[in-house]
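Okay, my_file-v2.txt now, which holds compact mmCIF, C-alpha atoms:
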# COMPACT_ATOMS: atom_id res chain seq x y z
CA MET A 1 108.96 44.17 123.57
CA ALA A 2 106.53 42.41 125.88
CA ARG A 3 108.97 42.89 128.74
CA ARG A 4 109.24 46.60 127.99
CA PHE A 5 105.50 47.15 128.17
CA GLY A 6 105.25 44.95 131.21
CA LEU A 7 107.64 47.41 132.83
CA LEU A 8 105.56 50.30 131.58
CA ALA A 9 102.49 48.91 133.27
CA VAL A 10 104.35 48.73 136.55
CA LEU A 11 105.62 52.27 136.21
CA VAL A 12 102.17 53.61 135.52
CA LEU A 13 100.83 51.87 138.57
CA VAL A 14 103.63 53.32 140.65
CA VAL A 15 102.85 56.80 139.46
CA ALA A 16 99.22 56.17 140.20
CA ALA A 17 100.37 56.28 143.79
CA LEU A 18 102.50 59.33 143.21
CA PHE A 19 101.48 61.56 146.02
CA TRP A 20 100.18 61.43 149.44
CA SER A 21 99.69 64.62 151.24
CA GLY A 22 99.05 66.03 154.65
CA VAL A 23 99.20 69.30 156.46
CA HIS A 24 100.43 70.25 159.82
CA ASN A 25 100.78 73.37 161.82
CA LEU A 26 104.32 74.05 162.91
CA ARG A 27 103.38 74.71 166.51
CA LYS A 28 101.64 71.39 166.80
CA ARG A 29 104.03 69.46 164.69
CA ARG A 30 104.18 66.36 166.79
CA MET A 31 100.46 65.98 167.25
CA GLN A 32 99.70 66.76 163.66
CA MET A 33 102.42 64.48 162.38
CA GLN A 34 100.63 61.69 164.21
CA GLN A 35 97.39 62.82 162.66
CA ALA A 36 99.02 63.07 159.27
CA GLN A 37 100.14 59.47 159.54
CA GLN A 38 96.49 58.58 159.95
CA ALA A 39 95.39 60.92 157.16
CA GLN A 40 97.90 59.89 154.53
CA VAL A 41 96.03 58.63 151.54
CA THR A 42 97.30 56.91 148.47
CA ILE A 43 96.37 58.97 145.47
CA THR A 44 95.00 56.93 142.62
CA LYS A 45 94.61 58.08 139.07
CA ASP A 46 91.04 57.87 138.00
CA GLY A 47 91.22 59.61 134.67
CA PRO A 48 90.99 58.15 131.19
CA ASP A 49 94.75 57.89 131.04
CA ALA A 50 95.05 55.61 134.02
CA ALA A 51 95.83 52.57 131.91
CA PRO A 52 99.12 51.89 130.16
CA SER A 53 98.88 53.37 126.73
CA ALA A 54 101.33 51.57 124.49
CA GLY A 55 101.85 48.16 123.00
CA LYS A 56 98.51 47.99 121.29
CA LEU A 57 99.24 48.90 117.69
CA GLU A 58 102.02 46.51 116.78
CA GLY A 59 101.00 44.56 113.67
CA LYS A 60 98.12 46.91 113.02
CA ALA A 61 97.64 49.76 110.60
CA ALA A 62 99.08 53.04 111.83
CA PRO A 63 96.24 55.53 112.36
CA GLY A 64 96.31 58.18 109.67
CA PHE A 65 96.65 61.84 110.53
CA THR A 66 96.98 65.21 108.93
CA LEU A 67 98.63 67.82 111.14
CA LEU A 68 100.25 71.20 110.75
CA ASP A 69 103.99 71.41 111.05
CA THR A 70 105.75 74.26 112.81
CA SER A 71 105.73 76.30 109.61
CA GLY A 72 101.98 75.88 109.16
CA LYS A 73 102.22 73.30 106.37
CA LYS A 74 99.84 70.32 106.36
CA VAL A 75 101.59 66.98 106.70
CA SER A 76 99.84 63.62 106.42
CA LEU A 77 101.14 60.20 107.30
CA ALA A 78 99.70 59.08 103.97
CA ASP A 79 102.18 61.40 102.21
CA TYR A 80 104.89 58.90 103.10
CA LYS A 81 103.23 55.64 102.12
CA GLY A 82 105.82 53.28 100.67
CA LYS A 83 108.55 54.62 102.99
CA PRO A 84 109.68 53.56 106.43
CA VAL A 85 108.33 56.17 108.85
CA VAL A 86 109.15 56.82 112.48
CA VAL A 87 106.34 58.62 114.33
CA ASN A 88 107.73 60.04 117.56
CA PHE A 89 105.47 61.64 120.17
CA TRP A 90 107.33 64.07 122.42
CA ALA A 91 106.82 67.27 124.41
CA THR A 92 108.90 70.27 125.33
CA TRP A 93 108.56 69.50 129.05
CA CYS A 94 109.85 65.96 128.56
CA GLY A 95 113.60 65.85 129.14
CA PRO A 96 114.15 62.28 127.91
CA CYS A 97 112.23 63.16 124.73
CA ARG A 98 114.46 66.11 123.94
CA LEU A 99 117.58 64.09 124.70
CA GLU A 100 116.72 61.26 122.30
CA MET A 101 115.72 63.56 119.45
CA PRO A 102 119.29 64.13 118.21
CA TRP A 103 119.53 60.38 117.66
CA PHE A 104 116.51 60.50 115.34
CA GLU A 105 118.22 63.32 113.50
CA GLU A 106 121.40 61.30 113.17
CA PHE A 107 119.58 58.17 111.99
CA SER A 108 117.36 60.05 109.56
CA ALA A 109 120.58 61.10 107.82
CA LYS A 110 122.23 57.70 108.15
CA TYR A 111 119.25 55.85 106.64
CA LYS A 112 118.21 58.56 104.21
CA ASP A 113 119.12 56.39 101.23
CA GLN A 114 116.74 53.73 102.53
CA GLY A 115 113.99 56.35 102.51
CA LEU A 116 113.69 56.73 106.27
CA VAL A 117 111.34 59.51 107.36
CA VAL A 118 111.07 60.78 110.92
CA LEU A 119 108.00 62.74 112.01
CA GLY A 120 107.97 64.29 115.46
CA ILE A 121 104.56 65.05 116.97
CA SER A 122 104.65 67.64 119.72
CA GLU A 123 102.14 66.84 122.45
CA ASP A 124 102.37 70.38 123.81
CA ASP A 125 98.69 71.05 123.64
CA GLY A 126 98.18 74.78 124.08
CA ALA A 127 101.85 75.60 124.55
CA PRO A 128 103.25 78.66 122.78
CA LYS A 129 104.74 77.75 119.42
CA GLU A 130 107.87 79.66 120.43
CA ASP A 131 108.49 77.09 123.17
CA ILE A 132 108.24 74.27 120.66
CA ASP A 133 110.57 76.07 118.26
CA LYS A 134 113.01 76.69 121.10
CA ALA A 135 113.02 73.03 122.10
CA VAL A 136 113.49 71.93 118.48
CA ARG A 137 116.40 74.31 118.06
CA LYS A 138 117.94 73.12 121.29
CA ALA A 139 117.62 69.49 120.19
CA GLY A 140 119.16 70.41 116.84
CA VAL A 141 116.69 68.48 114.69
CA SER A 142 115.57 69.30 111.17
CA TYR A 143 112.96 66.61 110.50
CA PRO A 144 109.30 67.73 110.42
CA ILE A 145 107.80 68.62 113.78
CA LEU A 146 104.01 68.41 113.75
CA LEU A 147 101.66 70.04 116.21
CA THR A 148 99.11 67.87 117.98
CA ASP A 149 95.44 68.39 117.21
CA GLY A 150 94.54 66.92 120.58
CA LYS A 151 93.19 63.79 118.90
CA VAL A 152 96.14 62.08 117.28
CA SER A 153 97.51 60.68 120.55
CA GLY A 154 94.14 59.11 121.26
CA ALA A 155 94.22 57.43 117.87
CA TYR A 156 97.58 55.96 118.87
CA GLY A 157 96.23 54.46 122.04
CA GLY A 158 96.40 57.43 124.38
CA VAL A 159 99.98 58.58 124.53
CA ASP A 160 100.53 59.44 128.17
CA TYR A 161 104.07 58.25 128.80
CA LEU A 162 106.47 60.20 126.64
CA PRO A 163 108.41 59.66 124.52
CA GLU A 164 106.40 57.09 122.58
CA THR A 165 107.54 56.01 119.15
CA PHE A 166 105.84 54.02 116.43
CA TYR A 167 107.79 52.46 113.57
CA VAL A 168 105.57 52.28 110.49
CA ASP A 169 106.57 50.23 107.44
CA LYS A 170 105.88 50.90 103.75
CA THR A 171 102.44 49.30 103.97
CA GLY A 172 101.44 51.57 106.85
CA THR A 173 101.73 48.80 109.45
CA VAL A 174 103.26 49.42 112.88
CA VAL A 175 106.16 46.99 113.15
CA GLU A 176 107.50 48.22 116.48
CA GLU A 177 106.55 50.66 119.21
CA THR A 178 108.36 51.84 122.28
CA ALA A 179 107.50 53.91 125.33
CA GLY A 180 110.21 55.80 127.16
CA ALA A 181 113.61 56.71 125.81
CA PRO A 182 115.51 53.62 124.62
CA THR A 183 119.27 53.41 124.38
CA LYS A 184 120.76 54.65 121.15
CA ASP A 185 121.54 51.07 120.13
CA GLU A 186 117.97 49.98 120.79
CA MET A 187 116.67 52.88 118.72
CA GLU A 188 118.94 52.01 115.81
CA ALA A 189 117.94 48.33 116.06
CA ASN A 190 114.30 49.37 115.76
CA ILE A 191 115.09 51.58 112.79
CA ARG A 192 117.02 48.77 111.09
CA LYS A 193 114.09 46.45 111.69
CA LEU A 194 111.78 49.04 110.15
CA VAL A 195 114.02 49.64 107.16
CA ALA A 196 114.43 45.88 106.64
CA ALA A 197 110.65 45.43 106.76
CA THR A 198 110.44 48.02 104.03
CA GLY A 199 113.02 46.16 101.93
CA GLY A 200 115.69 48.76 102.44
CA LEU A 201 118.43 46.57 103.94
CA MET B 1 92.42 61.54 142.79
CA LEU B 2 91.93 61.75 146.49
CA PHE B 3 93.33 64.17 148.95
CA GLU B 4 92.81 64.26 152.66
CA ALA B 5 94.28 66.55 155.22
CA GLU B 6 93.63 67.12 158.85
CA THR B 7 92.68 70.45 160.33
CA ALA B 8 95.33 73.07 161.00
CA THR B 9 94.66 75.27 164.01
CA VAL B 10 96.10 78.79 163.91
CA THR B 11 95.77 82.08 165.76
CA ALA B 12 92.94 84.01 164.13
CA GLY B 13 93.93 87.24 162.42
CA LYS B 14 97.66 86.69 162.73
CA PRO B 15 100.17 85.36 160.21
CA SER B 16 100.63 81.67 160.86
CA ALA B 17 102.67 78.98 159.21
CA VAL B 18 101.05 75.95 157.67
CA GLU B 19 102.96 73.25 155.85
CA LEU B 20 101.66 71.15 153.02
CA ARG B 21 103.44 67.85 152.81
CA PHE B 22 103.75 65.85 149.62
CA ARG B 23 105.55 62.71 148.70
CA VAL B 24 106.82 61.50 145.35
CA GLU B 25 107.04 57.75 144.97
CA ASP B 26 110.55 56.28 144.77
CA GLY B 27 111.94 56.18 141.25
CA PHE B 28 110.10 59.31 140.16
CA HIS B 29 110.71 63.01 140.41
CA VAL B 30 108.82 66.21 139.78
CA ASN B 31 110.37 69.50 138.78
CA SER B 32 111.10 71.85 141.64
CA HIS B 33 109.37 75.23 141.84
CA LYS B 34 112.35 76.65 139.96
CA PRO B 35 113.30 74.11 137.28
CA ALA B 36 116.66 74.20 135.55
CA SER B 37 115.10 75.01 132.17
CA GLU B 38 112.35 77.37 131.12
CA LEU B 39 110.91 74.53 129.05
CA LEU B 40 110.15 72.50 132.15
CA ILE B 41 106.98 72.83 134.20
CA PRO B 42 107.46 74.04 137.77
CA THR B 43 105.66 72.44 140.67
CA ALA B 44 103.32 75.12 141.92
CA LEU B 45 100.21 75.59 144.01
CA LYS B 46 97.24 77.34 142.52
CA LEU B 47 95.09 78.33 145.48
CA GLU B 48 91.59 79.70 145.17
CA PRO B 49 90.62 83.00 146.79
CA ALA B 50 89.16 82.28 150.20
CA ALA B 51 88.51 83.73 153.61
CA VAL B 52 91.94 82.45 154.53
CA LYS B 53 94.48 84.84 153.06
CA VAL B 54 97.74 83.37 151.87
CA ALA B 55 100.49 85.90 152.52
CA ASN B 56 103.35 83.77 151.26
CA GLU B 57 104.19 80.46 149.62
CA GLU B 58 107.64 79.11 150.34
CA TYR B 59 108.82 76.20 148.24
CA PRO B 60 111.80 74.05 149.14
CA ARG B 61 114.95 74.08 147.08
CA GLY B 62 115.20 71.28 144.57
CA ALA B 63 117.95 68.72 144.28
CA ALA B 64 120.10 68.07 141.24
CA PHE B 65 119.07 65.04 139.20
CA ARG B 66 121.05 63.92 136.20
CA LEU B 67 119.17 62.52 133.22
CA THR B 68 121.55 60.14 131.49
CA VAL B 69 119.77 59.79 128.13
CA GLY B 70 122.07 60.89 125.29
CA ASP B 71 124.17 63.89 126.21
CA GLY B 72 122.30 64.09 129.51
CA GLU B 73 120.76 67.01 131.31
CA THR B 74 120.87 68.10 134.93
CA LEU B 75 117.44 68.86 136.36
CA ASP B 76 116.33 70.55 139.56
CA VAL B 77 113.72 68.27 141.14
CA TYR B 78 111.81 67.13 144.17
CA GLN B 79 112.10 63.49 145.13
CA GLY B 80 110.64 61.72 148.12
CA GLU B 81 108.93 64.06 150.56
CA PHE B 82 108.80 67.79 150.03
CA ARG B 83 106.98 70.48 151.95
CA VAL B 84 105.49 73.77 150.86
CA ARG B 85 105.25 76.29 153.68
CA LEU B 86 102.37 78.74 153.58
CA THR B 87 101.95 81.85 155.66
CA VAL B 88 98.25 82.31 156.17
CA VAL B 89 95.99 84.75 157.95
CA ALA B 90 92.79 82.98 158.92
CA PRO B 91 89.57 84.42 160.34
CA ARG B 92 88.11 83.15 163.57
CA GLY B 93 86.26 79.90 163.18
CA GLU B 94 86.43 77.22 160.56
CA SER B 95 87.45 77.95 157.01
CA GLU B 96 88.91 76.11 154.10
CA LEU B 97 91.73 76.60 151.67
CA ARG B 98 91.28 74.91 148.31
CA GLY B 99 93.40 74.64 145.23
CA MET B 100 95.58 72.45 143.08
CA LEU B 101 99.18 71.39 143.06
CA HIS B 102 100.31 71.57 139.44
CA TYR B 103 103.16 69.17 138.77
CA GLN B 104 104.76 67.12 136.05
CA ALA B 105 106.37 63.81 136.90
CA CYS B 106 109.08 61.78 135.19
CA ASP B 107 111.33 58.84 135.82
CA SER B 108 114.78 58.48 134.34
CA ALA B 109 113.54 57.61 130.83
CA ALA B 110 110.07 59.04 130.36
CA CYS B 111 107.57 61.63 131.51
CA PHE B 112 103.90 61.84 132.28
CA PRO B 113 101.82 64.81 131.19
CA PRO B 114 101.25 67.62 133.70
CA ARG B 115 98.70 66.90 136.39
CA ASP B 116 96.71 68.83 138.98
CA LEU B 117 96.44 67.33 142.44
CA PRO B 118 93.49 68.70 144.43
CA VAL B 119 94.51 70.25 147.73
CA VAL B 120 92.05 70.97 150.52
CA VAL B 121 93.15 72.32 153.86
CA ALA B 122 90.73 72.86 156.74
CA ILE B 123 91.85 75.70 159.00
CA VAL B 124 90.48 76.68 162.37
CA GLY B 125 91.25 80.19 163.60
CA LYS B 126 91.16 80.55 167.41
Serialized structure, structure tokens:
Amino acid sequence: MARRFGLLAVLVLVVAALFWSGVHNLRKRRMQMQQAQQAQVTITKDGPDAAPSAGKLEGKAAPGFTLLDTSGKKVSLADYKGKPVVVNFWATWCGPCRLEMPWFEEFSAKYKDQGLVVLGISEDDGAPKEDIDKAVRKAGVSYPILLTDGKVSGAYGGVDYLPETFYVDKTGTVVEETAGAPTKDEMEANIRKLVAATGGL
Amino acid sequence: MLFEAETATVTAGKPSAVELRFRVEDGFHVNSHKPASELLIPTALKLEPAAVKVANEEYPRGAAFRLTVGDGETLDVYQGEFRVRLTVVAPRGESELRGMLHYQACDSAACFPPRDLPVVVAIVGK
């Protein structure tokens, strides 16, 4: 776990230097290329999301939330107290998120008897609901998809590297959290750990 | 974020080509201007109205990038350096073109939220 978030920190720093940019007129390419070399600037993130965002809730109480699902129904984390809950932050524009979602669907069925609940939280702030529905259909998932209120990610430490997943046991404690898409085996290992922590295995 | 660009000198009143040059750090990619899926966010300039008229924006073609998570997905992306070619008509004298490059970056396992990179281009029409 520590290694994974160590890697995350490095990746965030790398993306902090994502772009440098210059401009040159085609007719003066050579001269301006030389100038561009001098003008290239490392771009640094200076926003509130500059720091790595995960790895801070393990062992702590999962922040509560009440959000609307895609059908307009209110869903609260507290509704599932006593059950093992996977809280998965994702977004329609996040390819790795959409590709791991079928695994959550598969495991929610596989560990249904142990009470496993998966809640997906779409971080598509301001995106048309049709886009979210389309992505959900494409991923083929049937577990509840909740719509962000713009605050819930902040409560979870500022989710800015998707997907991010929090494994919450029956007492409401985060027993594991991951950033980035794991392998399927890693995901199942986390789910088994969660279910075991809830006395289901 | 910081952005710095040198001055581009063009012929005043005539269509002239100006290239904006960007670079994506190794290990990351951004969607091309025409991503493979409508769910993905295209890289695109949003330029403000100015004395410099932008007659055309020409984006490079993307390259195929295979995401290997799960069943996988083939994306159309920019990696490394990419250049956006503008055709501008600038007045005589000094003027400025301002705007944002809207992009959304990922690596092979995760994505960052969409960002806007400020773009400022000083143009001298002679």
>> Using all atoms listed in the file, I'd like every residue of chain B that has an atom within 8 Å of chain A; please write them out as a PyMOL selection string.
In response: chain B and resi 1-10+17-25+28+39-41+67+69-73+106+108-113+121
Long-range neighbours of B:His102 as a compact mmCIF listing (two decimals) with C-alpha atoms, keeping the file's coordinate frame, 8 Å cut-off, only C-alpha atoms, 5 positions minimum in chain:
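Final file, result_39.txt:
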# COMPACT_ATOMS: atom_id res chain seq x y z
CA PRO B 42 107.46 74.04 137.77
CA THR B 43 105.66 72.44 140.67
CA ALA B 44 103.32 75.12 141.92
CA LEU B 45 100.21 75.59 144.01
CA LYS B 46 97.24 77.34 142.52
CA PRO B 114 101.25 67.62 133.70
CA ARG B 115 98.70 66.90 136.39
CA ASP B 116 96.71 68.83 138.98
CA LEU B 117 96.44 67.33 142.44
>> From the options B:Val88, B:Ala105, B:Ala36, B:Ala122, which residue's atoms come nearest to B:Thr11, counting all atoms listed in the file?
In response: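 Nearest to B:Thr11: B:Val88.
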> Between atom CA of B:Ile123 and atom CA of B:Arg83, what is the distance, to one decimal in Å?
Replying inline: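 Taking atom CA of B:Ile123 as the start and atom CA of B:Arg83 as the end point, the length is 17.5 Å.
Put simply, atom CA of B:Thr87 is 14.3 Å away from atom CA of B:Val124.
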> Which residue gives the smallest distance to A:Glu186 among A:Phe65, A:Phe104, A:Tyr80, A:Tyr143, with only C-alpha atoms counted?
Replying inline: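 So, comparing all the options, the nearest one is A:Phe104.
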For B:Val54, find every residue with an atom within 8 Å (counting all atoms listed in the file), except residues of its own chain fewer than 2 positions away, and show them as a PDB file with C-alpha atoms, in the frame of the given file.
ATOM      1  CA  VAL B  52      91.940  82.450 154.530  1.00  0.00           C
ATOM      2  CA  ASN B  56     103.350  83.770 151.260  1.00  0.00           C
ATOM      3  CA  GLU B  57     104.190  80.460 149.620  1.00  0.00           C
ATOM      4  CA  LEU B  86     102.370  78.740 153.580  1.00  0.00           C
ATOM      5  CA  THR B  87     101.950  81.850 155.660  1.00  0.00           C
ATOM      6  CA  VAL B  88      98.250  82.310 156.170  1.00  0.00           C
ATOM      7  CA  VAL B  89      95.990  84.750 157.950  1.00  0.00           C
TER       8      VAL B  89
END
Taking all atoms of stretch 105-118 of chain B that the file lists, what box with edges along x, y and z, padded by 5 Å per side, do you get, with centre and edge lengths in Å to one decimal, as JSON?
{"center_x": 104.1, "center_y": 63.2, "center_z": 137.4, "size_x": 31.3, "size_y": 21.2, "size_z": 24.1}
>> What's around stretch 106-108 of chain A at 10 Å? Count all atoms listed in the file, leave out sequence neighbours fewer than 2 positions away in its own chain, and write the answer as a VMD selection string.
In response: chain A and resid 85 to 86 101 to 104 110 to 118 141 to 143 184 187 to 188 191 to 192
> Hey, can you check how far atom CA of B:Lys53 sits from atom CA of B:Ala12?
Replying inline: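 Separating atom CA of B:Lys53 from atom CA of B:Ala12 is a distance of 11.2 Å.
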> So, counting all atoms listed in the file, which residue among B:Tyr59, B:Glu38, B:Gly80, B:Ser16 is closest to B:Lys126?
Replying inline: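 Closest to B:Lys126 of all the choices is B:Ser16.
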>> I'd like the contact shell of stretch 168-177 of chain A - 8 Å cut-off, all atoms listed in the file, skipping same-chain residues fewer than 6 positions apart - returned as a list in words.
In response: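 Here the answer would be Ala54, Gly55, Leu57, Glu58, Gly59, Lys60, Ala61, Ala62, Lys81, Gly82, Lys83, Pro84, Val85, Val86, Val87, Asn190, Leu194, Val195, Ala197 and Thr198 of chain A.
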Please write the residues from the selection above to a file, keeping C-alpha atoms, as an mmCIF file, keeping the file's coordinate frame.
data_model
loop_
_atom_site.group_PDB
_atom_site.id
_atom_site.type_symbol
_atom_site.label_atom_id
_atom_site.label_comp_id
_atom_site.auth_asym_id
_atom_site.auth_seq_id
_atom_site.Cartn_x
_atom_site.Cartn_y
_atom_site.Cartn_z
ATOM 1 C CA ALA A 54 101.330 51.570 124.490
ATOM 2 C CA GLY A 55 101.850 48.160 123.000
ATOM 3 C CA LEU A 57 99.240 48.900 117.690
ATOM 4 C CA GLU A 58 102.020 46.510 116.780
ATOM 5 C CA GLY A 59 101.000 44.560 113.670
ATOM 6 C CA LYS A 60 98.120 46.910 113.020
ATOM 7 C CA ALA A 61 97.640 49.760 110.600
ATOM 8 C CA ALA A 62 99.080 53.040 111.830
ATOM 9 C CA LYS A 81 103.230 55.640 102.120
ATOM 10 C CA GLY A 82 105.820 53.280 100.670
ATOM 11 C CA LYS A 83 108.550 54.620 102.990
ATOM 12 C CA PRO A 84 109.680 53.560 106.430
ATOM 13 C CA VAL A 85 108.330 56.170 108.850
ATOM 14 C CA VAL A 86 109.150 56.820 112.480
ATOM 15 C CA VAL A 87 106.340 58.620 114.330
ATOM 16 C CA ASN A 190 114.300 49.370 115.760
ATOM 17 C CA LEU A 194 111.780 49.040 110.150
ATOM 18 C CA VAL A 195 114.020 49.640 107.160
ATOM 19 C CA ALA A 197 110.650 45.430 106.760
ATOM 20 C CA THR A 198 110.440 48.020 104.030
#
